[in-house]
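Q: You'll find work_8.pdb just under this line, and it carries PDB, C-alpha atoms, pLDDT in the B column.
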```
ATOM      1  CA  MET B 255       2.419  15.690  -4.919  1.00 69.00           C
ATOM      2  CA  ASP B 256       3.180  16.964  -8.420  1.00 84.00           C
ATOM      3  CA  LEU B 257       6.772  15.828  -8.054  1.00 91.00           C
ATOM      4  CA  VAL B 258       5.580  12.296  -7.258  1.00 87.00           C
ATOM      5  CA  PHE B 259       3.497  12.197 -10.430  1.00 88.00           C
ATOM      6  CA  VAL B 260       6.409  13.480 -12.537  1.00 94.00           C
ATOM      7  CA  TYR B 261       8.627  10.774 -11.016  1.00 95.00           C
ATOM      8  CA  LEU B 262       6.034   8.075 -11.735  1.00 94.00           C
ATOM      9  CA  LEU B 263       5.604   9.265 -15.303  1.00 95.00           C
ATOM     10  CA  ILE B 264       9.355   9.172 -15.915  1.00 97.00           C
ATOM     11  CA  ILE B 265       9.915   5.755 -14.297  1.00 97.00           C
ATOM     12  CA  ASN B 266       6.998   4.278 -16.252  1.00 97.00           C
ATOM     13  CA  ILE B 267       8.372   5.624 -19.535  1.00 98.00           C
ATOM     14  CA  ILE B 268      11.753   4.140 -18.630  1.00 98.00           C
ATOM     15  CA  ALA B 269      10.235   0.745 -17.751  1.00 98.00           C
ATOM     16  CA  PHE B 270       8.233   0.731 -21.003  1.00 98.00           C
ATOM     17  CA  ALA B 271      11.361   1.569 -23.004  1.00 98.00           C
ATOM     18  CA  MET B 272      13.405  -1.077 -21.185  1.00 98.00           C
ATOM     19  CA  MET B 273      10.969  -3.768 -22.297  1.00 97.00           C
ATOM     20  CA  GLY B 274      11.286  -2.631 -25.910  1.00 97.00           C
ATOM     21  CA  ILE B 275      15.057  -2.376 -25.756  1.00 98.00           C
ATOM     22  CA  ASP B 276      15.370  -5.824 -24.189  1.00 97.00           C
ATOM     23  CA  LYS B 277      13.067  -7.320 -26.827  1.00 96.00           C
ATOM     24  CA  LYS B 278      15.155  -5.776 -29.609  1.00 97.00           C
ATOM     25  CA  ARG B 279      18.364  -7.035 -28.029  1.00 97.00           C
ATOM     26  CA  ALA B 280      16.874 -10.519 -27.640  1.00 96.00           C
ATOM     27  CA  ARG B 281      16.003 -10.625 -31.333  1.00 96.00           C
ATOM     28  CA  ASN B 282      19.470  -9.445 -32.323  1.00 97.00           C
ATOM     29  CA  GLY B 283      21.315 -11.786 -29.958  1.00 96.00           C
ATOM     30  CA  GLU B 284      22.887  -8.856 -28.133  1.00 97.00           C
ATOM     31  CA  PHE B 285      23.663  -8.276 -24.447  1.00 97.00           C
ATOM     32  CA  ARG B 286      20.342  -8.208 -22.589  1.00 97.00           C
ATOM     33  CA  ILE B 287      18.875  -6.143 -19.783  1.00 97.00           C
ATOM     34  CA  SER B 288      18.807  -8.412 -16.747  1.00 97.00           C
ATOM     35  CA  GLU B 289      15.507  -9.592 -15.341  1.00 96.00           C
ATOM     36  CA  ARG B 290      16.613  -8.131 -12.025  1.00 97.00           C
ATOM     37  CA  THR B 291      16.878  -4.690 -13.602  1.00 97.00           C
ATOM     38  CA  LEU B 292      13.421  -5.048 -15.150  1.00 97.00           C
ATOM     39  CA  TRP B 293      12.015  -6.000 -11.748  1.00 97.00           C
ATOM     40  CA  LEU B 294      13.785  -3.098 -10.044  1.00 97.00           C
ATOM     41  CA  ALA B 295      12.247  -0.653 -12.514  1.00 97.00           C
ATOM     42  CA  ALA B 296       8.816  -2.134 -11.829  1.00 97.00           C
ATOM     43  CA  LEU B 297       9.353  -2.036  -8.062  1.00 96.00           C
ATOM     44  CA  ALA B 298      10.520   1.578  -8.293  1.00 96.00           C
ATOM     45  CA  GLY B 299       7.033   2.532  -9.504  1.00 95.00           C
ATOM     46  CA  GLY B 300       7.277   1.620 -13.168  1.00 97.00           C
ATOM     47  CA  ALA B 301       5.099  -1.472 -13.086  1.00 97.00           C
ATOM     48  CA  ALA B 302       2.317   0.016 -15.226  1.00 96.00           C
ATOM     49  CA  GLY B 303       4.829   1.014 -17.892  1.00 97.00           C
ATOM     50  CA  ALA B 304       6.413  -2.419 -17.699  1.00 97.00           C
ATOM     51  CA  VAL B 305       3.019  -4.092 -18.179  1.00 97.00           C
ATOM     52  CA  LEU B 306       2.237  -1.870 -21.151  1.00 97.00           C
ATOM     53  CA  GLY B 307       5.676  -2.546 -22.619  1.00 97.00           C
ATOM     54  CA  MET B 308       5.397  -6.263 -21.985  1.00 96.00           C
ATOM     55  CA  ASN B 309       2.116  -6.419 -23.902  1.00 96.00           C
ATOM     56  CA  TYR B 310       3.024  -3.911 -26.615  1.00 98.00           C
ATOM     57  CA  PHE B 311       6.351  -5.558 -27.449  1.00 97.00           C
ATOM     58  CA  ARG B 312       5.111  -9.072 -26.565  1.00 95.00           C
ATOM     59  CA  HIS B 313       8.116  -9.538 -24.351  1.00 94.00           C
ATOM     60  CA  LYS B 314       8.310 -11.803 -21.273  1.00 94.00           C
ATOM     61  CA  THR B 315       4.644 -12.726 -21.724  1.00 93.00           C
ATOM     62  CA  LYS B 316       5.374 -16.453 -21.386  1.00 94.00           C
ATOM     63  CA  HIS B 317       7.077 -16.002 -18.012  1.00 93.00           C
ATOM     64  CA  ALA B 318       4.471 -16.429 -15.269  1.00 95.00           C
ATOM     65  CA  ALA B 319       6.446 -14.280 -12.835  1.00 94.00           C
ATOM     66  CA  PHE B 320       6.284 -11.350 -15.245  1.00 95.00           C
ATOM     67  CA  ARG B 321       2.786 -12.083 -16.558  1.00 95.00           C
ATOM     68  CA  TYR B 322       1.300 -12.026 -13.052  1.00 96.00           C
ATOM     69  CA  GLY B 323       3.917 -10.135 -11.046  1.00 96.00           C
ATOM     70  CA  PHE B 324       4.052  -6.946 -13.095  1.00 96.00           C
ATOM     71  CA  PRO B 325       0.250  -6.473 -13.166  1.00 97.00           C
ATOM     72  CA  PHE B 326       0.127  -7.126  -9.416  1.00 97.00           C
ATOM     73  CA  LEU B 327       2.774  -4.459  -8.816  1.00 96.00           C
ATOM     74  CA  ALA B 328       0.915  -2.084 -11.150  1.00 96.00           C
ATOM     75  CA  LEU B 329      -2.271  -2.636  -9.145  1.00 96.00           C
ATOM     76  CA  MET B 330      -0.374  -1.909  -5.946  1.00 95.00           C
ATOM     77  CA  ASP B 331       1.114   1.269  -7.456  1.00 91.00           C
ATOM     78  CA  ILE B 332      -2.279   2.487  -8.645  1.00 92.00           C
ATOM     79  CA  SER B 333      -3.834   1.694  -5.266  1.00 93.00           C
ATOM     80  CA  LEU B 334      -1.127   3.695  -3.516  1.00 89.00           C
ATOM     81  CA  ILE B 335      -1.652   6.645  -5.855  1.00 88.00           C
ATOM     82  CA  VAL B 336      -5.413   6.584  -5.280  1.00 91.00           C
ATOM     83  CA  TYR B 337      -4.879   6.381  -1.537  1.00 91.00           C
ATOM     84  CA  LEU B 338      -2.419   9.268  -1.504  1.00 85.00           C
ATOM     85  CA  GLU B 339      -4.567  11.403  -3.781  1.00 87.00           C
ATOM     86  CA  PHE B 340      -7.968  10.879  -2.175  1.00 91.00           C
ATOM     87  CA  PHE B 341      -7.442   9.637   1.375  1.00 88.00           C
ATOM     88  CA  GLN B 342      -4.461  11.618   2.636  1.00 79.00           C
TER      89      GLN B 342
END
```
For the file at hand, write its structure as structure tokens.
A:
Amino acid sequence: MDLVFVYLLIINIIAFAMMGIDKKRARNGEFRISERTLWLAALAGGAAGAVLGMNYFRHKTKHAAFRYGFPFLALMDISLIVYLEFFQ
């Protein structure tokens, strides 16, 4: 179980960083991180980090799919963690 938590910590840090990097690239007119890649990071367990990054960097907050989708995935991730920790 410890390995799962280490994985989740790392993927959430990566998702958080990706939101910041993409925001910086957007401001500078540089090559961007694709929305698909952002979604894949969130689906891989990094949704909470993506939500925190989205709000901290104020990035993708006007896109309804991100504004509602990332928090939904984060809720699903947290629910799964609670289930695995307390009901397994």
Q: Hey, can you check how far CA of Val336 in chain B sits from CA of His317 in chain B?
A: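 Interatomic distance here is 28.8 Å.
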Q: How many Å lie between CA of Ala302 in chain B and CA of Asn266 in chain B, rounded to one decimal?
A: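 Computing the Euclidean distance for CA of Ala302 in chain B and CA of Asn266 in chain B yields 6.4 Å.
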Q: When the PyMOL selection byres ((chain B and resi 308) around 12) is applied to the structure above, which residues does it catch, written out as a ChimeraX atom specification?
A: /B:269-277,292,296,300-307,309-317,320-325
Q: One decimal, in Å: what's the spacing between CA of Leu297 in chain B and CA of Ala318 in chain B?
A: 16.8 Å
Q: Kindly list the centre and edge lengths in Å, rounded to one decimal, for the axis-aligned box that covers all listed atoms of range 312-328 of chain B plus 8 Å on each of its six sides, as lines of an AutoDock Vina configuration file.
A:
```
center_x = 4.2
center_y = -9.3
center_z = -17.7
size_x = 24.2
size_y = 30.4
size_z = 33.7
```
Q: Of the candidates B:Ala328, B:Ala319, B:Ala280, B:Ala298, which one gets nearest to Val258 in chain B if we count all atoms listed in the file?
A: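 Residue with the minimum atom-to-atom distance to Val258 in chain B: B:Ala298.
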Q: Please determine, counting only C-alpha atoms, which residue among B:Leu294, B:Ile267, B:Phe259, B:Glu289 has the shortest atom-to-atom distance to Leu338 in chain B.
A: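 So, comparing all the options, the nearest one is B:Phe259.
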Q: Using all atoms listed in the file, can you tell me which of B:Gln342, B:Arg279, B:Gly299, B:Glu284 comes closest to Phe326 in chain B?
A: B:Gly299
